[in-house]
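Shown next: target-v8.json, given as JSON, C-alpha atoms and all ligand atoms.
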[["chain", "number", "residue", "atom", "x", "y", "z"],
["T", 1, "MET", "CA", 64.60, -24.05, 137.57],
["T", 2, "THR", "CA", 65.24, -22.26, 134.37],
["T", 3, "ASP", "CA", 61.91, -20.59, 133.73],
["T", 4, "ARG", "CA", 62.75, -17.40, 135.61],
["T", 5, "LYS", "CA", 62.74, -14.58, 133.10],
["T", 6, "ASP", "CA", 65.77, -12.32, 133.32],
["T", 7, "LEU", "CA", 65.22, -8.86, 134.76],
["T", 8, "ILE", "CA", 67.55, -5.94, 134.13],
["T", 9, "VAL", "CA", 66.84, -2.78, 136.09],
["T", 10, "GLY", "CA", 68.49, 0.60, 135.56],
["T", 11, "ASN", "CA", 68.72, 2.50, 138.83],
["T", 12, "TRP", "CA", 69.35, 6.09, 137.78],
["T", 13, "LYS", "CA", 69.73, 7.28, 141.37],
["T", 14, "MET", "CA", 69.68, 11.10, 141.71],
["T", 15, "ASN", "CA", 70.44, 11.72, 138.05],
["T", 16, "ALA", "CA", 68.47, 13.08, 135.10],
["T", 17, "THR", "CA", 65.80, 15.77, 134.87],
["T", 18, "HIS", "CA", 62.48, 14.82, 133.35],
["T", 19, "LEU", "CA", 63.74, 16.18, 130.00],
["T", 20, "ASP", "CA", 66.86, 14.02, 130.16],
["T", 21, "ALA", "CA", 64.68, 11.06, 131.07],
["T", 22, "ILE", "CA", 62.55, 11.40, 127.95],
["T", 23, "GLN", "CA", 65.65, 11.38, 125.75],
["T", 24, "MET", "CA", 67.30, 8.52, 127.58],
["T", 25, "ILE", "CA", 64.20, 6.34, 127.36],
["T", 26, "GLN", "CA", 63.72, 7.12, 123.68],
["T", 27, "LYS", "CA", 67.34, 6.23, 122.95],
["T", 28, "LEU", "CA", 67.08, 3.01, 124.90],
["T", 29, "HIS", "CA", 63.89, 2.10, 123.04],
["T", 30, "TYR", "CA", 65.58, 2.58, 119.65],
["T", 31, "ARG", "CA", 68.51, 0.43, 120.67],
["T", 32, "LEU", "CA", 66.40, -2.56, 121.69],
["T", 33, "GLU", "CA", 64.50, -5.02, 119.50],
["T", 34, "VAL", "CA", 61.13, -6.53, 120.35],
["T", 35, "GLU", "CA", 62.87, -9.92, 120.77],
["T", 36, "ASP", "CA", 65.05, -8.48, 123.53],
["T", 37, "TYR", "CA", 61.96, -8.10, 125.67],
["T", 38, "ASP", "CA", 61.06, -11.75, 125.13],
["T", 39, "ARG", "CA", 64.27, -12.70, 126.94],
["T", 40, "VAL", "CA", 64.52, -9.90, 129.47],
["T", 41, "ASP", "CA", 62.16, -7.67, 131.44],
["T", 42, "VAL", "CA", 63.67, -4.21, 131.01],
["T", 43, "VAL", "CA", 63.03, -1.64, 133.74],
["T", 44, "VAL", "CA", 64.28, 1.90, 134.26],
["T", 45, "ALA", "CA", 63.98, 3.61, 137.64],
["T", 46, "PRO", "CA", 64.35, 7.38, 137.21],
["T", 47, "PRO", "CA", 63.96, 9.91, 140.05],
["T", 48, "PHE", "CA", 60.38, 10.66, 141.14],
["T", 49, "THR", "CA", 60.34, 13.95, 139.21],
["T", 50, "ALA", "CA", 60.81, 12.13, 135.91],
["T", 51, "LEU", "CA", 58.26, 9.36, 136.39],
["T", 52, "ARG", "CA", 55.30, 11.16, 134.84],
["T", 53, "SER", "CA", 57.24, 12.15, 131.72],
["T", 54, "ALA", "CA", 58.70, 8.67, 131.48],
["T", 55, "GLN", "CA", 55.25, 7.12, 131.75],
["T", 56, "THR", "CA", 53.89, 9.44, 129.05],
["T", 57, "VAL", "CA", 56.63, 8.69, 126.53],
["T", 58, "ILE", "CA", 56.48, 4.93, 127.21],
["T", 59, "GLU", "CA", 52.71, 4.84, 126.71],
["T", 60, "ALA", "CA", 52.62, 7.18, 123.73],
["T", 61, "ASP", "CA", 55.15, 5.11, 121.80],
["T", 62, "HIS", "CA", 53.86, 1.73, 123.06],
["T", 63, "MET", "CA", 57.29, 0.90, 124.41],
["T", 64, "LEU", "CA", 57.94, -2.34, 126.24],
["T", 65, "ILE", "CA", 60.27, -0.68, 128.74],
["T", 66, "GLU", "CA", 58.78, -0.86, 132.25],
["T", 67, "LEU", "CA", 58.97, 1.77, 134.95],
["T", 68, "GLY", "CA", 60.52, 1.46, 138.38],
["T", 69, "ALA", "CA", 60.80, 3.83, 141.34],
["T", 70, "GLN", "CA", 63.71, 4.11, 143.75],
["T", 71, "ASN", "CA", 61.77, 4.20, 146.99],
["T", 72, "ALA", "CA", 58.25, 4.40, 148.45],
["T", 73, "HIS", "CA", 56.87, 5.42, 151.81],
["T", 74, "TRP", "CA", 54.87, 2.83, 153.75],
["T", 75, "GLU", "CA", 51.88, 5.05, 154.52],
["T", 76, "GLU", "CA", 49.30, 5.73, 151.82],
["T", 77, "SER", "CA", 49.10, 9.46, 152.51],
["T", 78, "GLY", "CA", 49.41, 11.95, 155.34],
["T", 79, "ALA", "CA", 51.73, 14.37, 157.09],
["T", 80, "TYR", "CA", 55.07, 13.02, 155.81],
["T", 81, "THR", "CA", 56.67, 16.05, 154.19],
["T", 82, "GLY", "CA", 58.95, 15.10, 151.33],
["T", 83, "GLU", "CA", 57.75, 11.52, 150.97],
["T", 84, "VAL", "CA", 56.05, 9.70, 148.08],
["T", 85, "SER", "CA", 53.59, 6.86, 148.66],
["T", 86, "ALA", "CA", 53.09, 3.55, 146.91],
["T", 87, "PRO", "CA", 49.57, 4.40, 145.59],
["T", 88, "MET", "CA", 51.02, 7.55, 143.98],
["T", 89, "LEU", "CA", 53.59, 5.41, 142.19],
["T", 90, "ALA", "CA", 51.07, 2.77, 141.17],
["T", 91, "LYS", "CA", 49.01, 5.50, 139.49],
["T", 92, "LEU", "CA", 52.03, 6.33, 137.33],
["T", 93, "ALA", "CA", 52.15, 2.76, 136.02],
["T", 94, "VAL", "CA", 55.24, 1.98, 138.08],
["T", 95, "GLY", "CA", 55.74, -1.78, 138.18],
["T", 96, "TYR", "CA", 58.80, -2.15, 140.41],
["T", 97, "VAL", "CA", 60.05, -0.29, 143.49],
["T", 98, "ILE", "CA", 63.57, -0.60, 144.90],
["T", 99, "VAL", "CA", 63.56, -0.86, 148.69],
["T", 100, "GLY", "CA", 66.39, -1.05, 151.20],
["T", 101, "HIS", "CA", 69.08, 0.10, 148.77],
["T", 102, "SER", "CA", 72.42, 0.38, 150.54],
["T", 103, "GLU", "CA", 72.60, 4.10, 149.77],
["T", 104, "ARG", "CA", 69.31, 4.53, 151.66],
["T", 105, "ARG", "CA", 70.75, 2.48, 154.51],
["T", 106, "GLN", "CA", 74.03, 4.40, 154.51],
["T", 107, "HIS", "CA", 72.90, 8.01, 154.00],
["T", 108, "PHE", "CA", 69.39, 7.93, 155.47],
["T", 109, "GLU", "CA", 69.85, 5.37, 158.20],
["T", 110, "GLU", "CA", 67.21, 3.07, 156.85],
["T", 111, "THR", "CA", 66.79, -0.27, 158.51],
["T", 112, "ASP", "CA", 65.54, -3.71, 157.53],
["T", 113, "GLN", "CA", 62.29, -2.82, 159.26],
["T", 114, "ASP", "CA", 61.90, 0.21, 156.97],
["T", 115, "ALA", "CA", 62.59, -1.98, 153.93],
["T", 116, "ASN", "CA", 59.98, -4.43, 155.21],
["T", 117, "ARG", "CA", 57.34, -1.74, 155.65],
["T", 118, "ARG", "CA", 58.08, -0.26, 152.24],
["T", 119, "ALA", "CA", 57.97, -3.67, 150.55],
["T", 120, "ARG", "CA", 54.62, -4.36, 152.24],
["T", 121, "ALA", "CA", 53.15, -1.10, 150.87],
["T", 122, "VAL", "CA", 54.56, -1.81, 147.41],
["T", 123, "LEU", "CA", 52.98, -5.27, 147.34],
["T", 124, "ALA", "CA", 49.68, -3.93, 148.64],
["T", 125, "ASN", "CA", 49.61, -1.67, 145.60],
["T", 126, "GLU", "CA", 50.32, -4.51, 143.19],
["T", 127, "MET", "CA", 53.86, -3.51, 142.35],
["T", 128, "THR", "CA", 57.00, -5.63, 142.74],
["T", 129, "PRO", "CA", 59.45, -4.72, 145.49],
["T", 130, "ILE", "CA", 63.13, -5.16, 144.66],
["T", 131, "VAL", "CA", 64.60, -5.79, 148.10],
["T", 132, "CYS", "CA", 68.32, -5.02, 148.29],
["T", 133, "VAL", "CA", 70.76, -6.80, 150.58],
["T", 134, "GLY", "CA", 74.54, -6.86, 150.69],
["T", 135, "GLU", "CA", 77.57, -6.65, 152.92],
["T", 136, "THR", "CA", 80.18, -3.91, 153.33],
["T", 137, "LEU", "CA", 83.85, -4.51, 152.53],
["T", 138, "GLU", "CA", 84.65, -4.79, 156.22],
["T", 139, "GLU", "CA", 81.96, -7.41, 156.70],
["T", 140, "ARG", "CA", 83.22, -9.40, 153.70],
["T", 141, "GLU", "CA", 86.78, -9.27, 154.96],
["T", 142, "GLU", "CA", 85.57, -10.56, 158.31],
["T", 143, "ALA", "CA", 83.89, -13.44, 156.41],
["T", 144, "ARG", "CA", 80.48, -12.21, 157.53],
["T", 145, "ALA", "CA", 78.87, -11.70, 154.10],
["T", 146, "GLU", "CA", 76.43, -14.57, 154.54],
["T", 147, "GLU", "CA", 75.56, -13.69, 158.10],
["T", 148, "VAL", "CA", 74.82, -10.07, 157.13],
["T", 149, "GLY", "CA", 72.89, -11.08, 154.03],
["T", 150, "LEU", "CA", 70.79, -13.49, 156.04],
["T", 151, "SER", "CA", 69.97, -10.99, 158.73],
["T", 152, "GLN", "CA", 68.98, -8.37, 156.12],
["T", 153, "LEU", "CA", 66.86, -10.93, 154.29],
["T", 154, "LYS", "CA", 65.10, -12.05, 157.46],
["T", 155, "GLY", "CA", 64.46, -8.48, 158.57],
["T", 156, "SER", "CA", 63.35, -7.16, 155.20],
["T", 157, "LEU", "CA", 61.11, -10.14, 154.47],
["T", 158, "ALA", "CA", 59.68, -10.54, 157.97],
["T", 159, "ARG", "CA", 56.08, -11.73, 158.21],
["T", 160, "PHE", "CA", 55.48, -12.13, 154.49],
["T", 161, "ASP", "CA", 53.44, -15.17, 153.57],
["T", 162, "VAL", "CA", 54.53, -17.50, 150.80],
["T", 163, "THR", "CA", 52.41, -15.79, 148.14],
["T", 164, "GLN", "CA", 53.81, -12.39, 149.03],
["T", 165, "LEU", "CA", 57.36, -13.75, 149.03],
["T", 166, "GLY", "CA", 56.85, -15.13, 145.54],
["T", 167, "SER", "CA", 56.07, -11.61, 144.29],
["T", 168, "ILE", "CA", 59.35, -10.14, 145.54],
["T", 169, "VAL", "CA", 62.65, -9.70, 143.69],
["T", 170, "ILE", "CA", 65.88, -9.83, 145.69],
["T", 171, "ALA", "CA", 68.94, -7.83, 144.66],
["T", 172, "TYR", "CA", 72.29, -8.90, 146.06],
["T", 173, "GLU", "CA", 74.43, -5.77, 146.02],
["T", 174, "PRO", "CA", 77.72, -5.94, 147.90],
["T", 175, "VAL", "CA", 78.22, -2.37, 149.14],
["T", 176, "TRP", "CA", 81.91, -2.38, 148.21],
["T", 177, "ALA", "CA", 81.04, -3.06, 144.56],
["T", 178, "ILE", "CA", 78.50, -0.26, 144.14],
["T", 179, "GLY", "CA", 79.77, 2.64, 142.05],
["T", 180, "THR", "CA", 83.37, 1.60, 142.68],
["T", 181, "GLY", "CA", 84.17, -0.22, 139.46],
["T", 182, "ARG", "CA", 84.91, -3.28, 141.62],
["T", 183, "THR", "CA", 82.56, -6.10, 140.70],
["T", 184, "ALA", "CA", 82.16, -9.18, 142.82],
["T", 185, "SER", "CA", 83.71, -12.08, 140.93],
["T", 186, "PRO", "CA", 81.06, -14.11, 139.13],
["T", 187, "ASP", "CA", 81.89, -17.01, 141.46],
["T", 188, "ASP", "CA", 81.42, -14.94, 144.63],
["T", 189, "ALA", "CA", 78.24, -13.33, 143.30],
["T", 190, "GLY", "CA", 76.91, -16.72, 142.18],
["T", 191, "GLU", "CA", 77.66, -18.26, 145.57],
["T", 192, "MET", "CA", 75.85, -15.48, 147.39],
["T", 193, "ALA", "CA", 72.86, -15.79, 145.05],
["T", 194, "SER", "CA", 72.79, -19.53, 145.71],
["T", 195, "PHE", "CA", 73.01, -18.90, 149.46],
["T", 196, "ILE", "CA", 70.13, -16.41, 149.21],
["T", 197, "ARG", "CA", 68.00, -18.91, 147.31],
["T", 198, "GLU", "CA", 68.60, -21.56, 149.98],
["T", 199, "ARG", "CA", 67.53, -19.11, 152.65],
["T", 200, "LEU", "CA", 64.41, -18.27, 150.63],
["T", 201, "VAL", "CA", 63.53, -21.95, 150.85],
["T", 202, "ASP", "CA", 63.70, -21.63, 154.65],
["T", 203, "LEU", "CA", 61.66, -18.41, 154.63],
["T", 204, "GLY", "CA", 59.04, -19.77, 152.23],
["T", 205, "ASN", "CA", 59.32, -23.12, 150.49],
["T", 206, "SER", "CA", 61.34, -24.67, 147.69],
["T", 207, "GLU", "CA", 58.76, -23.95, 145.02],
["T", 208, "VAL", "CA", 58.46, -20.27, 145.82],
["T", 209, "ALA", "CA", 62.23, -19.90, 146.26],
["T", 210, "ALA", "CA", 62.80, -21.48, 142.85],
["T", 211, "SER", "CA", 60.40, -19.03, 141.24],
["T", 212, "MET", "CA", 61.91, -15.84, 142.73],
["T", 213, "ARG", "CA", 64.33, -13.71, 140.77],
["T", 214, "ILE", "CA", 67.66, -12.83, 142.35],
["T", 215, "LEU", "CA", 69.58, -9.95, 140.79],
["T", 216, "TYR", "CA", 73.21, -8.98, 141.18],
["T", 217, "GLY", "CA", 74.14, -5.32, 141.46],
["T", 218, "GLY", "CA", 77.45, -3.49, 141.80],
["T", 219, "SER", "CA", 79.45, -2.09, 138.86],
["T", 220, "VAL", "CA", 77.67, -4.23, 136.27],
["T", 221, "ASN", "CA", 78.66, -3.30, 132.71],
["T", 222, "ALA", "CA", 78.49, -4.72, 129.20],
["T", 223, "GLY", "CA", 81.84, -6.44, 129.73],
["T", 224, "ASN", "CA", 81.03, -8.37, 132.90],
["T", 225, "VAL", "CA", 77.29, -9.00, 132.63],
["T", 226, "LYS", "CA", 77.61, -12.23, 130.68],
["T", 227, "ASP", "CA", 79.80, -14.02, 133.23],
["T", 228, "LEU", "CA", 77.53, -12.88, 136.07],
["T", 229, "MET", "CA", 74.38, -13.98, 134.25],
["T", 230, "ALA", "CA", 75.93, -17.36, 133.50],
["T", 231, "LYS", "CA", 75.55, -18.20, 137.19],
["T", 232, "LYS", "CA", 72.61, -20.47, 137.84],
["T", 233, "HIS", "CA", 71.06, -18.41, 140.61],
["T", 234, "ILE", "CA", 71.59, -14.94, 139.13],
["T", 235, "ASP", "CA", 68.51, -13.91, 137.16],
["T", 236, "GLY", "CA", 69.31, -10.34, 136.28],
["T", 237, "ALA", "CA", 71.09, -7.17, 137.25],
["T", 238, "LEU", "CA", 70.48, -3.94, 139.10],
["T", 239, "VAL", "CA", 72.60, -1.45, 137.19],
["T", 240, "GLY", "CA", 73.53, 2.02, 138.43],
["T", 241, "GLY", "CA", 76.22, 4.02, 136.59],
["T", 242, "ALA", "CA", 76.05, 2.12, 133.30],
["T", 243, "SER", "CA", 72.26, 2.55, 133.10],
["T", 244, "LEU", "CA", 72.67, 6.31, 132.54],
["T", 245, "ASP", "CA", 74.12, 5.69, 129.10],
["T", 246, "PRO", "CA", 71.47, 4.17, 126.81],
["T", 247, "ASP", "CA", 74.15, 2.55, 124.63],
["T", 248, "LYS", "CA", 75.77, 0.87, 127.59],
["T", 249, "PHE", "CA", 72.49, -0.13, 129.17],
["T", 250, "ALA", "CA", 71.18, -1.57, 125.90],
["T", 251, "ALA", "CA", 74.39, -3.57, 125.53],
["T", 252, "ILE", "CA", 73.82, -4.99, 129.03],
["T", 253, "VAL", "CA", 70.23, -5.92, 128.20],
["T", 254, "ARG", "CA", 71.38, -7.55, 124.95],
["T", 255, "TYR", "CA", 74.06, -9.76, 126.51],
["T", 256, "ARG", "CA", 74.00, -13.31, 125.23],
["T", 257, "LEU", "CA", 75.26, -16.37, 127.05],
["T", 301, "LIG", "P1", 76.50, 0.72, 140.16],
["T", 301, "LIG", "O1", 75.21, 0.81, 141.12],
["T", 301, "LIG", "O2", 76.11, -0.13, 138.98],
["T", 301, "LIG", "O3", 76.81, 2.14, 139.78],
["T", 301, "LIG", "O4", 77.58, 0.08, 140.96],
["T", 301, "LIG", "C1", 74.39, -0.31, 141.37],
["T", 301, "LIG", "C2", 73.28, 0.08, 142.32],
["T", 301, "LIG", "O5", 73.52, 0.83, 143.26],
["T", 301, "LIG", "O6", 72.12, -0.36, 142.17]]

If you convert what's in this file into structure tokens, what do you get?
Ligand code: PGA
Amino acid sequence: MTDRKDLIVGNWKMNATHLDAIQMIQKLHYRLEVEDYDRVDVVVAPPFTALRSAQTVIEADHMLIELGAQNAHWEESGAYTGEVSAPMLAKLAVGYVIVGHSERRQHFEETDQDANRRARAVLANEMTPIVCVGETLEEREEARAEEVGLSQLKGSLARFDVTQLGSIVIAYEPVWAIGTGRTASPDDAGEMASFIRERLVDLGNSEVAASMRILYGGSVNAGNVKDLMAKKHIDGALVGGASLDPDKFAAIVRYRL
């Protein structure tokens, strides 16, 4: 299947004030051509505090950059001090929400069940969940990458019907490659993406699995993106560090095979 449109998402993590965000988005916009968006869906996911400013600048200048958020609570509203709900994000024209990122798992003890509940709320509000899975270095060295990936996939995607599954994006992010400058080799990343797609056939069916986008994340930069994207089952990238520099992020978006 080659009709999956590439998706490149900048995960800014806990970086950038709303003022920085405006500048970064404007710079990115100037560095991209309209044709770039024909090839690639371009998403930036700033912190919650910058979403409203980002939305305003994107709409005012009719930019084709889309907005993402880094998390969403599963309840619509209520006594959850410090949390942000999916309907709040949908109102800000957010199109994508990252769920189950390994930093959430590592620092905030989030589980597959949490990722599942968040993804459910994101879908219910007509946004696209980007569900992250990936093994630690220890797990890879023990040759358990597939086993861990499968269990995270099954847990995070539990009880979704085929239509819901088809609206989800999966990001394979080996934990040992995130923010470390160590990228998975294109072959390893491609094999994992292929393994994930096979498992998506089991969880849904071959048609839906073939339509779903699988991203790679972990130290993606302008130098390695092309070889990663050349892999049949890798349909885009979730980019952390390099997405904070509009020049670098634009160069990633503009990769050519
Ligand atoms: P990185 O982060 O590109 O800085 O490794 C990727 C991510 O965590 O999504």

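Residues lying within 7 Å of (50.7, 1.8, 151.3). Counted over only C-alpha atoms, they are Trp74, Glu75, Glu76, Ser85, Ala86, Pro87, Ala121, Val122, Ala124 and Asn125 of chain T.
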
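Take atom CA of T:Gln164 and atom CA of T:Tyr96: the distance between them is 14.3 Å.
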
Q) Within 8 Å of stretch 224-241 of chain T, counting only C-alpha atoms, which residues qualify if same-chain residues fewer than 2 places away don't, as a PyMOL selection string? A) chain T and resi 4-13+171+178-179+185-187+189-190+193-194+197+213-222+243-245+252+255-257

(Q) Just want the 7 Å neighbourhood of T:Val97, counted on all atoms listed in the file, with same-chain residues fewer than 6 positions away dropped. Output as a PyMOL selection string. (A) chain T and resi 68-71+122+128-130

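Shortest atom-to-atom contact with T:Val43 among T:Ala72, T:Ile65, T:Ala145, T:Ala60: T:Ile65, counting all atoms listed in the file.
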
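With atom CA of T:Gly149 on one side and atom CA of T:Gly134 on the other, the separation reads 5.6 Å.
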
Q: Counting all atoms listed in the file, find the residues whose atoms lie at most 9 Å from (58.2, -16.6, 156.7) (file coordinates) and write them out as a PyMOL selection string.
A: chain T and resi 154+157-162+165+200+202-204

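With all atoms listed in the file as the atoms that count, the residue of T:Glu142, T:Glu109, T:Glu103, T:Asp36 with the shortest distance to ligand LIG 301 (chain T) is T:Glu103.
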
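Using all atoms listed in the file for every distance, the candidate list T:Met88, T:Met192, T:Ala50, T:Ala45 yields T:Ala45 as the residue closest to ligand LIG 301 (chain T).
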
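Of the residues listed (T:His107, T:Lys91, T:Arg182, T:Arg117), T:Arg182 shows the shortest atom-to-atom separation from ligand LIG 301 (chain T); distances use all atoms listed in the file.
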
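What separates atom CA of T:Asp112 from atom CA of T:Gly155 is a distance of 5.0 Å.
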
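Each of T:Glu173, T:Asp38, T:Glu110, T:Asp20 was compared to ligand LIG 301 (chain T) using all atoms listed in the file, and T:Glu173 turns out to be the nearest.
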